[in-house]
$ cat start21.pdb   # PDB, C-alpha atoms, pLDDT in the B column
ATOM      1  CA  ASP R   1     -10.773  20.592  12.843  1.00 42.00           C
ATOM      2  CA  ARG R   2     -13.830  22.109  11.169  1.00 43.00           C
ATOM      3  CA  LEU R   3     -11.757  23.177   8.186  1.00 41.00           C
ATOM      4  CA  ARG R   4     -10.783  19.671   7.226  1.00 45.00           C
ATOM      5  CA  LEU R   5     -12.771  17.883   4.534  1.00 62.00           C
ATOM      6  CA  ARG R   6     -12.207  14.553   6.247  1.00 76.00           C
ATOM      7  CA  GLU R   7      -9.835  13.249   8.855  1.00 81.00           C
ATOM      8  CA  GLY R   8      -6.335  12.941   7.469  1.00 86.00           C
ATOM      9  CA  SER R   9      -6.817  15.374   4.600  1.00 91.00           C
ATOM     10  CA  THR R  10      -5.605  18.959   4.232  1.00 93.00           C
ATOM     11  CA  ARG R  11      -7.079  22.319   3.342  1.00 91.00           C
ATOM     12  CA  ASN R  12      -3.742  23.423   1.925  1.00 95.00           C
ATOM     13  CA  PRO R  13      -3.914  22.907  -1.861  1.00 95.00           C
ATOM     14  CA  ASP R  14      -0.146  23.112  -2.283  1.00 97.00           C
ATOM     15  CA  ALA R  15       0.393  20.369   0.290  1.00 97.00           C
ATOM     16  CA  HIS R  16      -2.248  18.259  -1.449  1.00 95.00           C
ATOM     17  CA  ASP R  17      -0.568  18.753  -4.829  1.00 96.00           C
ATOM     18  CA  LEU R  18       2.802  17.725  -3.421  1.00 96.00           C
ATOM     19  CA  LEU R  19       1.361  14.496  -2.044  1.00 96.00           C
ATOM     20  CA  LEU R  20      -0.286  13.746  -5.388  1.00 93.00           C
ATOM     21  CA  LYS R  21       3.049  14.263  -7.155  1.00 93.00           C
ATOM     22  CA  ALA R  22       4.698  11.848  -4.727  1.00 93.00           C
ATOM     23  CA  GLN R  23       2.061   9.240  -5.553  1.00 88.00           C
ATOM     24  CA  VAL R  24       2.078   9.592  -9.342  1.00 79.00           C
ATOM     25  CA  ASP R  25       4.766   7.002 -10.023  1.00 67.00           C
ATOM     26  CA  ASN R  26       4.925   3.462  -8.744  1.00 65.00           C
ATOM     27  CA  VAL R  27       8.132   4.053  -6.807  1.00 64.00           C
ATOM     28  CA  ARG R  28       8.423   0.338  -6.040  1.00 65.00           C
ATOM     29  CA  THR R  29       9.465  -0.270  -9.649  1.00 66.00           C
ATOM     30  CA  LEU R  30      11.472   2.913 -10.224  1.00 73.00           C
ATOM     31  CA  GLY R  31      14.320   2.446  -7.774  1.00 86.00           C
ATOM     32  CA  PRO R  32      15.880   4.209  -4.776  1.00 90.00           C
ATOM     33  CA  GLU R  33      16.167   7.626  -6.431  1.00 92.00           C
ATOM     34  CA  ALA R  34      12.422   7.680  -7.076  1.00 90.00           C
ATOM     35  CA  VAL R  35      11.771   6.711  -3.451  1.00 93.00           C
ATOM     36  CA  GLU R  36      13.975   9.549  -2.199  1.00 94.00           C
ATOM     37  CA  ARG R  37      12.246  12.036  -4.520  1.00 94.00           C
ATOM     38  CA  ALA R  38       8.854  10.912  -3.249  1.00 94.00           C
ATOM     39  CA  ILE R  39       9.971  11.237   0.380  1.00 96.00           C
ATOM     40  CA  GLY R  40      11.187  14.747  -0.397  1.00 96.00           C
ATOM     41  CA  LEU R  41       7.813  15.690  -1.878  1.00 96.00           C
ATOM     42  CA  VAL R  42       5.969  14.275   1.125  1.00 97.00           C
ATOM     43  CA  ASP R  43       8.281  16.114   3.512  1.00 98.00           C
ATOM     44  CA  ALA R  44       7.530  19.314   1.603  1.00 98.00           C
ATOM     45  CA  ALA R  45       3.796  18.648   1.994  1.00 98.00           C
ATOM     46  CA  LEU R  46       4.252  18.097   5.726  1.00 98.00           C
ATOM     47  CA  ALA R  47       6.252  21.309   6.016  1.00 98.00           C
ATOM     48  CA  LEU R  48       3.207  23.147   4.666  1.00 98.00           C
ATOM     49  CA  ASP R  49       0.775  21.208   6.881  1.00 97.00           C
ATOM     50  CA  PRO R  50       2.408  19.270   9.750  1.00 97.00           C
ATOM     51  CA  ALA R  51      -1.012  17.809  10.682  1.00 96.00           C
ATOM     52  CA  TYR R  52      -1.551  16.258   7.232  1.00 97.00           C
ATOM     53  CA  GLY R  53      -2.279  12.686   8.282  1.00 96.00           C
ATOM     54  CA  ASP R  54      -2.496  11.227   4.771  1.00 96.00           C
ATOM     55  CA  ALA R  55       0.966  12.595   3.980  1.00 97.00           C
ATOM     56  CA  MET R  56       2.379  11.176   7.204  1.00 98.00           C
ATOM     57  CA  ALA R  57       0.951   7.751   6.344  1.00 97.00           C
ATOM     58  CA  ALA R  58       2.404   8.005   2.842  1.00 96.00           C
ATOM     59  CA  LYS R  59       5.810   8.815   4.309  1.00 97.00           C
ATOM     60  CA  ALA R  60       5.634   5.734   6.529  1.00 98.00           C
ATOM     61  CA  GLU R  61       4.934   3.559   3.479  1.00 96.00           C
ATOM     62  CA  LEU R  62       7.863   5.083   1.593  1.00 96.00           C
ATOM     63  CA  LEU R  63      10.196   4.565   4.540  1.00 97.00           C
ATOM     64  CA  ARG R  64       9.040   0.939   4.716  1.00 97.00           C
ATOM     65  CA  LEU R  65       9.952   0.489   1.068  1.00 94.00           C
ATOM     66  CA  LYS R  66      13.319   2.161   1.615  1.00 96.00           C
ATOM     67  CA  ALA R  67      14.072  -0.037   4.637  1.00 97.00           C
ATOM     68  CA  GLY R  68      13.141  -3.251   2.895  1.00 95.00           C
ATOM     69  CA  SER R  69      14.616  -2.662  -0.550  1.00 93.00           C
ATOM     70  CA  TYR R  70      17.178   0.123  -0.605  1.00 93.00           C
ATOM     71  CA  ALA R  71      18.943   0.384   2.760  1.00 93.00           C
ATOM     72  CA  PRO R  72      22.731   0.069   2.301  1.00 92.00           C
ATOM     73  CA  SER R  73      23.209  -2.079   5.424  1.00 95.00           C
ATOM     74  CA  ALA R  74      21.303  -4.198   7.910  1.00 95.00           C
ATOM     75  CA  ALA R  75      21.793  -1.548  10.587  1.00 96.00           C
ATOM     76  CA  GLN R  76      20.446   1.176   8.325  1.00 96.00           C
ATOM     77  CA  SER R  77      17.506  -1.024   7.387  1.00 96.00           C
ATOM     78  CA  GLN R  78      16.566  -1.541  11.029  1.00 97.00           C
ATOM     79  CA  ALA R  79      16.923   2.168  11.786  1.00 97.00           C
ATOM     80  CA  THR R  80      14.682   3.033   8.849  1.00 97.00           C
ATOM     81  CA  TYR R  81      12.109   0.460   9.940  1.00 97.00           C
ATOM     82  CA  ARG R  82      12.034   2.089  13.370  1.00 98.00           C
ATOM     83  CA  LEU R  83      11.494   5.466  11.749  1.00 98.00           C
ATOM     84  CA  ALA R  84       8.764   4.039   9.500  1.00 98.00           C
ATOM     85  CA  GLU R  85       6.961   2.562  12.508  1.00 98.00           C
ATOM     86  CA  ALA R  86       7.178   5.830  14.454  1.00 98.00           C
ATOM     87  CA  THR R  87       5.948   7.744  11.403  1.00 98.00           C
ATOM     88  CA  ALA R  88       2.961   5.410  10.954  1.00 98.00           C
ATOM     89  CA  LYS R  89       2.066   5.806  14.630  1.00 98.00           C
ATOM     90  CA  ARG R  90       2.269   9.564  14.216  1.00 98.00           C
ATOM     91  CA  ALA R  91      -0.123   9.307  11.250  1.00 98.00           C
ATOM     92  CA  ILE R  92      -2.573   7.452  13.502  1.00 97.00           C
ATOM     93  CA  GLN R  93      -2.251  10.159  16.158  1.00 97.00           C
ATOM     94  CA  LEU R  94      -2.979  12.838  13.558  1.00 97.00           C
ATOM     95  CA  ALA R  95      -5.937  10.995  12.034  1.00 95.00           C
ATOM     96  CA  PRO R  96      -7.196   8.190  14.302  1.00 95.00           C
ATOM     97  CA  GLN R  97     -10.355   7.800  12.224  1.00 94.00           C
ATOM     98  CA  SER R  98      -8.496   7.331   8.944  1.00 95.00           C
ATOM     99  CA  ARG R  99      -7.508   3.863   7.784  1.00 96.00           C
ATOM    100  CA  LEU R 100      -4.306   5.004   6.126  1.00 96.00           C
ATOM    101  CA  GLY R 101      -2.142   5.216   9.236  1.00 97.00           C
ATOM    102  CA  TYR R 102      -3.242   1.788  10.443  1.00 98.00           C
ATOM    103  CA  SER R 103      -2.590   0.292   7.024  1.00 97.00           C
ATOM    104  CA  ALA R 104       0.877   1.832   6.929  1.00 98.00           C
ATOM    105  CA  LEU R 105       1.696   0.542  10.417  1.00 98.00           C
ATOM    106  CA  ALA R 106       0.425  -2.954   9.603  1.00 98.00           C
ATOM    107  CA  ASN R 107       2.549  -3.044   6.452  1.00 98.00           C
ATOM    108  CA  VAL R 108       5.647  -1.941   8.372  1.00 98.00           C
ATOM    109  CA  LEU R 109       5.073  -4.641  10.985  1.00 98.00           C
ATOM    110  CA  ASP R 110       4.348  -7.295   8.361  1.00 97.00           C
ATOM    111  CA  GLN R 111       7.500  -6.549   6.409  1.00 96.00           C
ATOM    112  CA  GLN R 112       9.470  -7.229   9.594  1.00 96.00           C
ATOM    113  CA  LEU R 113       7.589 -10.561   9.978  1.00 95.00           C
ATOM    114  CA  ARG R 114       5.756  -9.278  13.079  1.00 97.00           C
ATOM    115  CA  ARG R 115       2.623 -10.814  11.711  1.00 96.00           C
ATOM    116  CA  ARG R 116       0.513 -11.123  14.832  1.00 97.00           C
ATOM    117  CA  ALA R 117       0.961  -7.419  15.487  1.00 98.00           C
ATOM    118  CA  ALA R 118       0.281  -6.683  11.821  1.00 98.00           C
ATOM    119  CA  LEU R 119      -2.947  -8.685  11.889  1.00 98.00           C
ATOM    120  CA  ALA R 120      -4.132  -6.916  15.040  1.00 98.00           C
ATOM    121  CA  THR R 121      -3.421  -3.559  13.400  1.00 98.00           C
ATOM    122  CA  PHE R 122      -5.265  -4.517  10.214  1.00 98.00           C
ATOM    123  CA  GLU R 123      -8.231  -5.599  12.345  1.00 97.00           C
ATOM    124  CA  LYS R 124      -8.281  -2.158  13.999  1.00 97.00           C
ATOM    125  CA  MET R 125      -8.182  -0.624  10.524  1.00 97.00           C
ATOM    126  CA  LEU R 126     -11.221  -2.608   9.420  1.00 97.00           C
ATOM    127  CA  ARG R 127     -13.329  -1.056  12.175  1.00 96.00           C
ATOM    128  CA  ILE R 128     -12.893   2.346  10.513  1.00 95.00           C
ATOM    129  CA  PRO R 129     -14.916   3.201   7.395  1.00 91.00           C
ATOM    130  CA  GLY R 130     -13.465   4.632   4.199  1.00 86.00           C
ATOM    131  CA  ASN R 131     -10.288   4.415   2.097  1.00 85.00           C
ATOM    132  CA  GLU R 132     -11.110   0.866   1.012  1.00 92.00           C
ATOM    133  CA  GLY R 133      -9.495   1.218  -2.389  1.00 90.00           C
ATOM    134  CA  GLU R 134      -6.226   2.333  -0.802  1.00 91.00           C
ATOM    135  CA  THR R 135      -6.071  -0.022   2.178  1.00 95.00           C
ATOM    136  CA  LEU R 136      -7.770  -3.289   1.233  1.00 96.00           C
ATOM    137  CA  PRO R 137      -5.232  -4.322  -1.442  1.00 95.00           C
ATOM    138  CA  SER R 138      -2.328  -4.742   0.997  1.00 96.00           C
ATOM    139  CA  TYR R 139      -4.644  -6.362   3.547  1.00 97.00           C
ATOM    140  CA  ALA R 140      -5.737  -8.845   0.884  1.00 97.00           C
ATOM    141  CA  VAL R 141      -2.153  -9.809   0.069  1.00 96.00           C
ATOM    142  CA  PHE R 142      -1.380 -10.140   3.775  1.00 97.00           C
ATOM    143  CA  LEU R 143      -4.307 -12.538   4.224  1.00 97.00           C
ATOM    144  CA  SER R 144      -3.195 -14.591   1.231  1.00 97.00           C
ATOM    145  CA  GLU R 145       0.283 -14.936   2.711  1.00 96.00           C
ATOM    146  CA  ILE R 146      -1.022 -16.294   6.014  1.00 96.00           C
ATOM    147  CA  GLY R 147      -3.229 -18.880   4.323  1.00 94.00           C
ATOM    148  CA  ARG R 148      -6.606 -17.139   4.508  1.00 96.00           C
ATOM    149  CA  GLU R 149      -7.166 -17.322   0.773  1.00 95.00           C
ATOM    150  CA  GLU R 150     -10.935 -16.913   0.534  1.00 95.00           C
ATOM    151  CA  GLU R 151     -10.928 -13.879   2.830  1.00 97.00           C
ATOM    152  CA  ALA R 152      -8.025 -12.493   0.831  1.00 97.00           C
ATOM    153  CA  LEU R 153      -9.902 -12.788  -2.442  1.00 96.00           C
ATOM    154  CA  ARG R 154     -12.997 -11.154  -0.967  1.00 96.00           C
ATOM    155  CA  ALA R 155     -10.903  -8.213   0.210  1.00 97.00           C
ATOM    156  CA  ALA R 156      -9.160  -7.956  -3.162  1.00 96.00           C
ATOM    157  CA  ASP R 157     -12.489  -8.130  -5.012  1.00 96.00           C
ATOM    158  CA  ARG R 158     -13.870  -5.364  -2.813  1.00 96.00           C
ATOM    159  CA  ALA R 159     -10.855  -3.146  -3.486  1.00 95.00           C
ATOM    160  CA  VAL R 160     -11.274  -3.552  -7.238  1.00 94.00           C
ATOM    161  CA  ALA R 161     -15.027  -2.968  -7.013  1.00 95.00           C
ATOM    162  CA  VAL R 162     -14.427   0.306  -5.163  1.00 93.00           C
ATOM    163  CA  ASP R 163     -11.762   1.491  -7.632  1.00 91.00           C
ATOM    164  CA  PRO R 164     -11.859  -0.629 -10.812  1.00 91.00           C
ATOM    165  CA  LEU R 165      -9.461   1.639 -12.723  1.00 89.00           C
ATOM    166  CA  ASN R 166      -6.736   1.444 -10.073  1.00 88.00           C
ATOM    167  CA  PRO R 167      -3.912  -0.758 -11.404  1.00 88.00           C
ATOM    168  CA  ILE R 168      -2.448  -1.099  -7.913  1.00 88.00           C
ATOM    169  CA  ALA R 169      -5.650  -2.663  -6.590  1.00 92.00           C
ATOM    170  CA  ARG R 170      -5.735  -4.987  -9.584  1.00 94.00           C
ATOM    171  CA  GLY R 171      -2.066  -5.806  -9.133  1.00 92.00           C
ATOM    172  CA  HIS R 172      -2.627  -6.857  -5.549  1.00 94.00           C
ATOM    173  CA  ARG R 173      -5.608  -8.954  -6.669  1.00 96.00           C
ATOM    174  CA  ALA R 174      -3.357 -10.653  -9.220  1.00 95.00           C
ATOM    175  CA  ASN R 175      -0.869 -11.431  -6.435  1.00 95.00           C
ATOM    176  CA  VAL R 176      -3.655 -12.871  -4.286  1.00 96.00           C
ATOM    177  CA  LEU R 177      -4.747 -15.113  -7.148  1.00 96.00           C
ATOM    178  CA  ALA R 178      -1.160 -16.226  -7.771  1.00 95.00           C
ATOM    179  CA  ASN R 179      -0.657 -17.015  -4.085  1.00 95.00           C
ATOM    180  CA  ALA R 180      -3.787 -19.165  -4.290  1.00 94.00           C
ATOM    181  CA  ARG R 181      -2.312 -20.925  -7.372  1.00 95.00           C
ATOM    182  CA  ARG R 182      -5.235 -19.725  -9.486  1.00 96.00           C
ATOM    183  CA  TYR R 183      -2.970 -19.054 -12.430  1.00 95.00           C
ATOM    184  CA  PRO R 184      -5.482 -18.738 -15.305  1.00 95.00           C
ATOM    185  CA  GLU R 185      -7.321 -16.052 -13.321  1.00 95.00           C
ATOM    186  CA  THR R 186      -3.999 -14.398 -12.519  1.00 94.00           C
ATOM    187  CA  ILE R 187      -3.215 -14.186 -16.222  1.00 95.00           C
ATOM    188  CA  ARG R 188      -6.595 -12.627 -16.984  1.00 95.00           C
ATOM    189  CA  GLU R 189      -6.136 -10.056 -14.221  1.00 94.00           C
ATOM    190  CA  VAL R 190      -2.668  -9.209 -15.508  1.00 93.00           C
ATOM    191  CA  GLY R 191      -4.210  -8.604 -18.926  1.00 93.00           C
ATOM    192  CA  GLU R 192      -6.436  -5.914 -17.406  1.00 91.00           C
ATOM    193  CA  ILE R 193      -3.452  -4.291 -15.701  1.00 91.00           C
ATOM    194  CA  VAL R 194      -1.426  -4.217 -18.918  1.00 91.00           C
ATOM    195  CA  LYS R 195      -4.283  -2.403 -20.642  1.00 91.00           C
ATOM    196  CA  MET R 196      -4.081   0.295 -17.978  1.00 89.00           C
ATOM    197  CA  LYS R 197      -0.284   0.469 -17.738  1.00 85.00           C
ATOM    198  CA  PRO R 198       1.178  -0.920 -20.960  1.00 85.00           C
ATOM    199  CA  ASP R 199       4.737   0.112 -20.049  1.00 81.00           C
ATOM    200  CA  SER R 200       4.751  -1.613 -16.645  1.00 81.00           C
ATOM    201  CA  ARG R 201       7.086  -4.612 -16.450  1.00 83.00           C
ATOM    202  CA  TRP R 202       6.083  -6.425 -13.293  1.00 84.00           C
ATOM    203  CA  PRO R 203       2.636  -7.593 -14.549  1.00 86.00           C
ATOM    204  CA  ARG R 204       4.350  -9.340 -17.453  1.00 88.00           C
ATOM    205  CA  ALA R 205       6.751 -10.982 -15.033  1.00 91.00           C
ATOM    206  CA  LEU R 206       3.814 -12.263 -12.982  1.00 93.00           C
ATOM    207  CA  ARG R 207       2.112 -13.501 -16.142  1.00 93.00           C
ATOM    208  CA  GLY R 208       5.276 -15.335 -17.195  1.00 93.00           C
ATOM    209  CA  PHE R 209       5.546 -16.905 -13.734  1.00 93.00           C
ATOM    210  CA  SER R 210       1.904 -18.023 -13.962  1.00 95.00           C
ATOM    211  CA  TYR R 211       2.424 -19.671 -17.351  1.00 93.00           C
ATOM    212  CA  MET R 212       5.524 -21.412 -16.027  1.00 94.00           C
ATOM    213  CA  MET R 213       3.655 -22.763 -13.001  1.00 94.00           C
ATOM    214  CA  MET R 214       0.872 -24.041 -15.244  1.00 92.00           C
ATOM    215  CA  GLY R 215       3.483 -26.120 -17.089  1.00 81.00           C
TER     216      GLY R 215
END
$ encode --input "start21.pdb" --output "structure tokens"
Amino acid sequence: DRLRLREGSTRNPDAHDLLLKAQVDNVRTLGPEAVERAIGLVDAALALDPAYGDAMAAKAELLRLKAGSYAPSAAQSQATYRLAEATAKRAIQLAPQSRLGYSALANVLDQQLRRRAALATFEKMLRIPGNEGETLPSYAVFLSEIGREEEALRAADRAVAVDPLNPIARGHRANVLANARRYPETIREVGEIVKMKPDSRWPRALRGFSYMMMG
């Protein structure tokens, strides 16, 4: 599409604004109502531009969060995971040269412990340039959880280098450091996050955990 600025984006400013509003808050820490509000905003963006690949990928990530944390039953969780996977695959169809759909799909697969499939999807993602600040953080945490600690830290470092003022990238780096039992470095990274988001609770929880593990 010649009108598109890059694959996955939109030329509709209202759709773009709706996606930005959905991404303003860290819905992971704000509860199920915040997740539903964000899904509603993303759906509104997609109603304005059904080919908006970035919005479709964002919806897949939100559905993953809903399935894993807020589904009222095991059956509903599995149904929402299926929807999240289908939504991520649709994002890839809309924007096959954007990393965001692949990252969303890998995260959905990983959260269901389908880790070989998740790794293969992340590897496909890495062959596509761009969106490093948005996609490398979750890849870094994934690597740290499967025991590839040095690769994980390199990916986390790259994400922070690309977007040093992004607390999400720094938060994932802190998790990578904690998974590697590098607790003094975790505490220093948490300090940087708290400067950016002084009202956020989870960095303090990670810092407390790190102090406890240090004894």
$ residues_around --input "start21.pdb" --residues "Tyr81 of chain R" --least-positions-apart "6" --cutoff "8 Å" --atoms "only C-alpha atoms" --output "PyMOL selection string"
chain R and resi 63-64+67+108
$ atom_distance --input "start21.pdb" --atom1 "atom CA of Leu18 of chain R" --atom2 "atom CA of Arg37 of chain R"
11.1 Å
$ residues_around --input "start21.pdb" --residues "segment 138-146 of chain R" --least-positions-apart "4" --cutoff "6 Å" --atoms "all atoms listed in the file" --output "PyMOL selection string"
chain R and resi 152+155-156+176
$ resolve_selection --input "start21.pdb" --expression "the PyMOL selection byres ((chain R and resi 51) around 10)" --output "list of chain:residue names"
R:Gly8, R:Ser9, R:Thr10, R:Ala45, R:Leu46, R:Ala47, R:Leu48, R:Asp49, R:Pro50, R:Tyr52, R:Gly53, R:Asp54, R:Ala55, R:Met56, R:Arg90, R:Ala91, R:Gln93, R:Leu94, R:Ala95
$ resolve_selection --input "start21.pdb" --expression "the PyMOL selection byres ((chain R and resi 121) around 12)" --output "count of residues only"
31
$ residues_around --input "start21.pdb" --residues "Asn166 of chain R" --least-positions-apart "2" --cutoff "12 Å" --atoms "all atoms listed in the file" --output "list of chain:residue names"
R:Asn26, R:Glu132, R:Gly133, R:Glu134, R:Pro137, R:Ala156, R:Ala159, R:Val160, R:Ala161, R:Val162, R:Asp163, R:Pro164, R:Ile168, R:Ala169, R:Arg170, R:Gly171, R:His172, R:Arg173, R:Glu192, R:Ile193, R:Val194, R:Lys195, R:Met196, R:Lys197
$ write_last_selection --input "start21.pdb" --atoms "C-alpha atoms" --output "short mmCIF file (atom, residue, chain, number, x, y, z; two decimals), keeping the file's coordinate frame"
data_model
loop_
_atom_site.label_atom_id
_atom_site.label_comp_id
_atom_site.auth_asym_id
_atom_site.auth_seq_id
_atom_site.Cartn_x
_atom_site.Cartn_y
_atom_site.Cartn_z
CA ASN R 26 4.92 3.46 -8.74
CA GLU R 132 -11.11 0.87 1.01
CA GLY R 133 -9.49 1.22 -2.39
CA GLU R 134 -6.23 2.33 -0.80
CA PRO R 137 -5.23 -4.32 -1.44
CA ALA R 156 -9.16 -7.96 -3.16
CA ALA R 159 -10.86 -3.15 -3.49
CA VAL R 160 -11.27 -3.55 -7.24
CA ALA R 161 -15.03 -2.97 -7.01
CA VAL R 162 -14.43 0.31 -5.16
CA ASP R 163 -11.76 1.49 -7.63
CA PRO R 164 -11.86 -0.63 -10.81
CA ILE R 168 -2.45 -1.10 -7.91
CA ALA R 169 -5.65 -2.66 -6.59
CA ARG R 170 -5.74 -4.99 -9.58
CA GLY R 171 -2.07 -5.81 -9.13
CA HIS R 172 -2.63 -6.86 -5.55
CA ARG R 173 -5.61 -8.95 -6.67
CA GLU R 192 -6.44 -5.91 -17.41
CA ILE R 193 -3.45 -4.29 -15.70
CA VAL R 194 -1.43 -4.22 -18.92
CA LYS R 195 -4.28 -2.40 -20.64
CA MET R 196 -4.08 0.30 -17.98
CA LYS R 197 -0.28 0.47 -17.74
#
$ axis_aligned_box --input "start21.pdb" --around "segment 161-172 of chain R" --padding-each-side "3 Å" --output "AutoDock Vina command-line options"
--center_x -8.5 --center_y -2.6 --center_z -8.9 --size_x 19.0 --size_y 14.5 --size_z 13.6
$ closest_residue --input "start21.pdb" --among "R:Pro167, R:Gln97, R:Gly215, R:Thr80" --to "Asn131 of chain R" --atoms "all atoms listed in the file"
R:Gln97
$ atom_distance --input "start21.pdb" --atom1 "atom CA of Arg6 of chain R" --atom2 "atom CA of Ser98 of chain R"
8.6 Å
$ residues_around --input "start21.pdb" --residues "Tyr70 of chain R" --least-positions-apart "3" --cutoff "10 Å" --atoms "only C-alpha atoms" --output "list in words"
Gly31, Pro32, Glu33, Val35, Leu63, Arg64, Leu65, Lys66, Ala67, Ser73, Gln76 and Ser77 of chain R
$ atom_distance --input "start21.pdb" --atom1 "atom CA of Gln112 of chain R" --atom2 "atom CA of Ala86 of chain R"
14.1 Å
$ closest_residue --input "start21.pdb" --among "R:Ala34, R:Leu177, R:Ala74, R:Val42" --to "Asp14 of chain R" --atoms "all atoms listed in the file"
R:Val42
$ build_atoms --input "start21.pdb" --residues "segment 88-108 of chain R" --atoms "N, CA and C atoms" --output "PDB file, in the coordinates of the input"
ATOM      1  N   ALA R  88       4.323   5.953  11.080  1.00 98.00           N
ATOM      2  CA  ALA R  88       2.961   5.410  10.954  1.00 98.00           C
ATOM      3  C   ALA R  88       2.145   5.681  12.217  1.00 98.00           C
ATOM      4  N   LYS R  89       2.779   5.525  13.374  1.00 98.00           N
ATOM      5  CA  LYS R  89       2.066   5.806  14.630  1.00 98.00           C
ATOM      6  C   LYS R  89       1.711   7.285  14.739  1.00 98.00           C
ATOM      7  N   ARG R  90       2.581   8.140  14.226  1.00 98.00           N
ATOM      8  CA  ARG R  90       2.269   9.564  14.216  1.00 98.00           C
ATOM      9  C   ARG R  90       1.080   9.845  13.293  1.00 98.00           C
ATOM     10  N   ALA R  91       1.015   9.150  12.157  1.00 98.00           N
ATOM     11  CA  ALA R  91      -0.123   9.307  11.250  1.00 98.00           C
ATOM     12  C   ALA R  91      -1.423   8.918  11.948  1.00 98.00           C
ATOM     13  N   ILE R  92      -1.379   7.874  12.753  1.00 97.00           N
ATOM     14  CA  ILE R  92      -2.573   7.452  13.502  1.00 97.00           C
ATOM     15  C   ILE R  92      -2.951   8.509  14.528  1.00 97.00           C
ATOM     16  N   GLN R  93      -1.966   9.085  15.197  1.00 97.00           N
ATOM     17  CA  GLN R  93      -2.251  10.159  16.158  1.00 97.00           C
ATOM     18  C   GLN R  93      -2.912  11.354  15.471  1.00 97.00           C
ATOM     19  N   LEU R  94      -2.429  11.698  14.283  1.00 97.00           N
ATOM     20  CA  LEU R  94      -2.979  12.838  13.558  1.00 97.00           C
ATOM     21  C   LEU R  94      -4.390  12.575  13.047  1.00 97.00           C
ATOM     22  N   ALA R  95      -4.639  11.323  12.649  1.00 95.00           N
ATOM     23  CA  ALA R  95      -5.937  10.995  12.034  1.00 95.00           C
ATOM     24  C   ALA R  95      -6.389   9.616  12.497  1.00 95.00           C
ATOM     25  N   PRO R  96      -6.833   9.507  13.762  1.00 95.00           N
ATOM     26  CA  PRO R  96      -7.196   8.190  14.302  1.00 95.00           C
ATOM     27  C   PRO R  96      -8.412   7.565  13.644  1.00 95.00           C
ATOM     28  N   GLN R  97      -9.189   8.348  12.911  1.00 94.00           N
ATOM     29  CA  GLN R  97     -10.355   7.800  12.224  1.00 94.00           C
ATOM     30  C   GLN R  97     -10.122   7.688  10.716  1.00 94.00           C
ATOM     31  N   SER R  98      -8.870   7.626  10.329  1.00 95.00           N
ATOM     32  CA  SER R  98      -8.496   7.331   8.944  1.00 95.00           C
ATOM     33  C   SER R  98      -7.805   5.973   8.915  1.00 95.00           C
ATOM     34  N   ARG R  99      -8.128   5.181   7.910  1.00 96.00           N
ATOM     35  CA  ARG R  99      -7.508   3.863   7.784  1.00 96.00           C
ATOM     36  C   ARG R  99      -6.034   3.922   7.393  1.00 96.00           C
ATOM     37  N   LEU R 100      -5.606   5.006   6.776  1.00 96.00           N
ATOM     38  CA  LEU R 100      -4.306   5.004   6.126  1.00 96.00           C
ATOM     39  C   LEU R 100      -3.150   4.790   7.097  1.00 96.00           C
ATOM     40  N   GLY R 101      -3.212   5.409   8.268  1.00 97.00           N
ATOM     41  CA  GLY R 101      -2.142   5.216   9.236  1.00 97.00           C
ATOM     42  C   GLY R 101      -2.058   3.788   9.736  1.00 97.00           C
ATOM     43  N   TYR R 102      -3.215   3.181   9.985  1.00 98.00           N
ATOM     44  CA  TYR R 102      -3.242   1.788  10.443  1.00 98.00           C
ATOM     45  C   TYR R 102      -2.705   0.854   9.371  1.00 98.00           C
ATOM     46  N   SER R 103      -3.091   1.110   8.122  1.00 97.00           N
ATOM     47  CA  SER R 103      -2.590   0.292   7.024  1.00 97.00           C
ATOM     48  C   SER R 103      -1.076   0.412   6.911  1.00 97.00           C
ATOM     49  N   ALA R 104      -0.572   1.629   7.003  1.00 98.00           N
ATOM     50  CA  ALA R 104       0.877   1.832   6.929  1.00 98.00           C
ATOM     51  C   ALA R 104       1.594   1.102   8.058  1.00 98.00           C
ATOM     52  N   LEU R 105       1.068   1.212   9.278  1.00 98.00           N
ATOM     53  CA  LEU R 105       1.696   0.542  10.417  1.00 98.00           C
ATOM     54  C   LEU R 105       1.659  -0.973  10.243  1.00 98.00           C
ATOM     55  N   ALA R 106       0.532  -1.505   9.809  1.00 98.00           N
ATOM     56  CA  ALA R 106       0.425  -2.954   9.603  1.00 98.00           C
ATOM     57  C   ALA R 106       1.430  -3.427   8.561  1.00 98.00           C
ATOM     58  N   ASN R 107       1.596  -2.662   7.491  1.00 98.00           N
ATOM     59  CA  ASN R 107       2.549  -3.044   6.452  1.00 98.00           C
ATOM     60  C   ASN R 107       3.981  -3.002   6.957  1.00 98.00           C
ATOM     61  N   VAL R 108       4.305  -2.010   7.785  1.00 98.00           N
ATOM     62  CA  VAL R 108       5.647  -1.941   8.372  1.00 98.00           C
ATOM     63  C   VAL R 108       5.895  -3.151   9.263  1.00 98.00           C
TER      64      VAL R 108
END
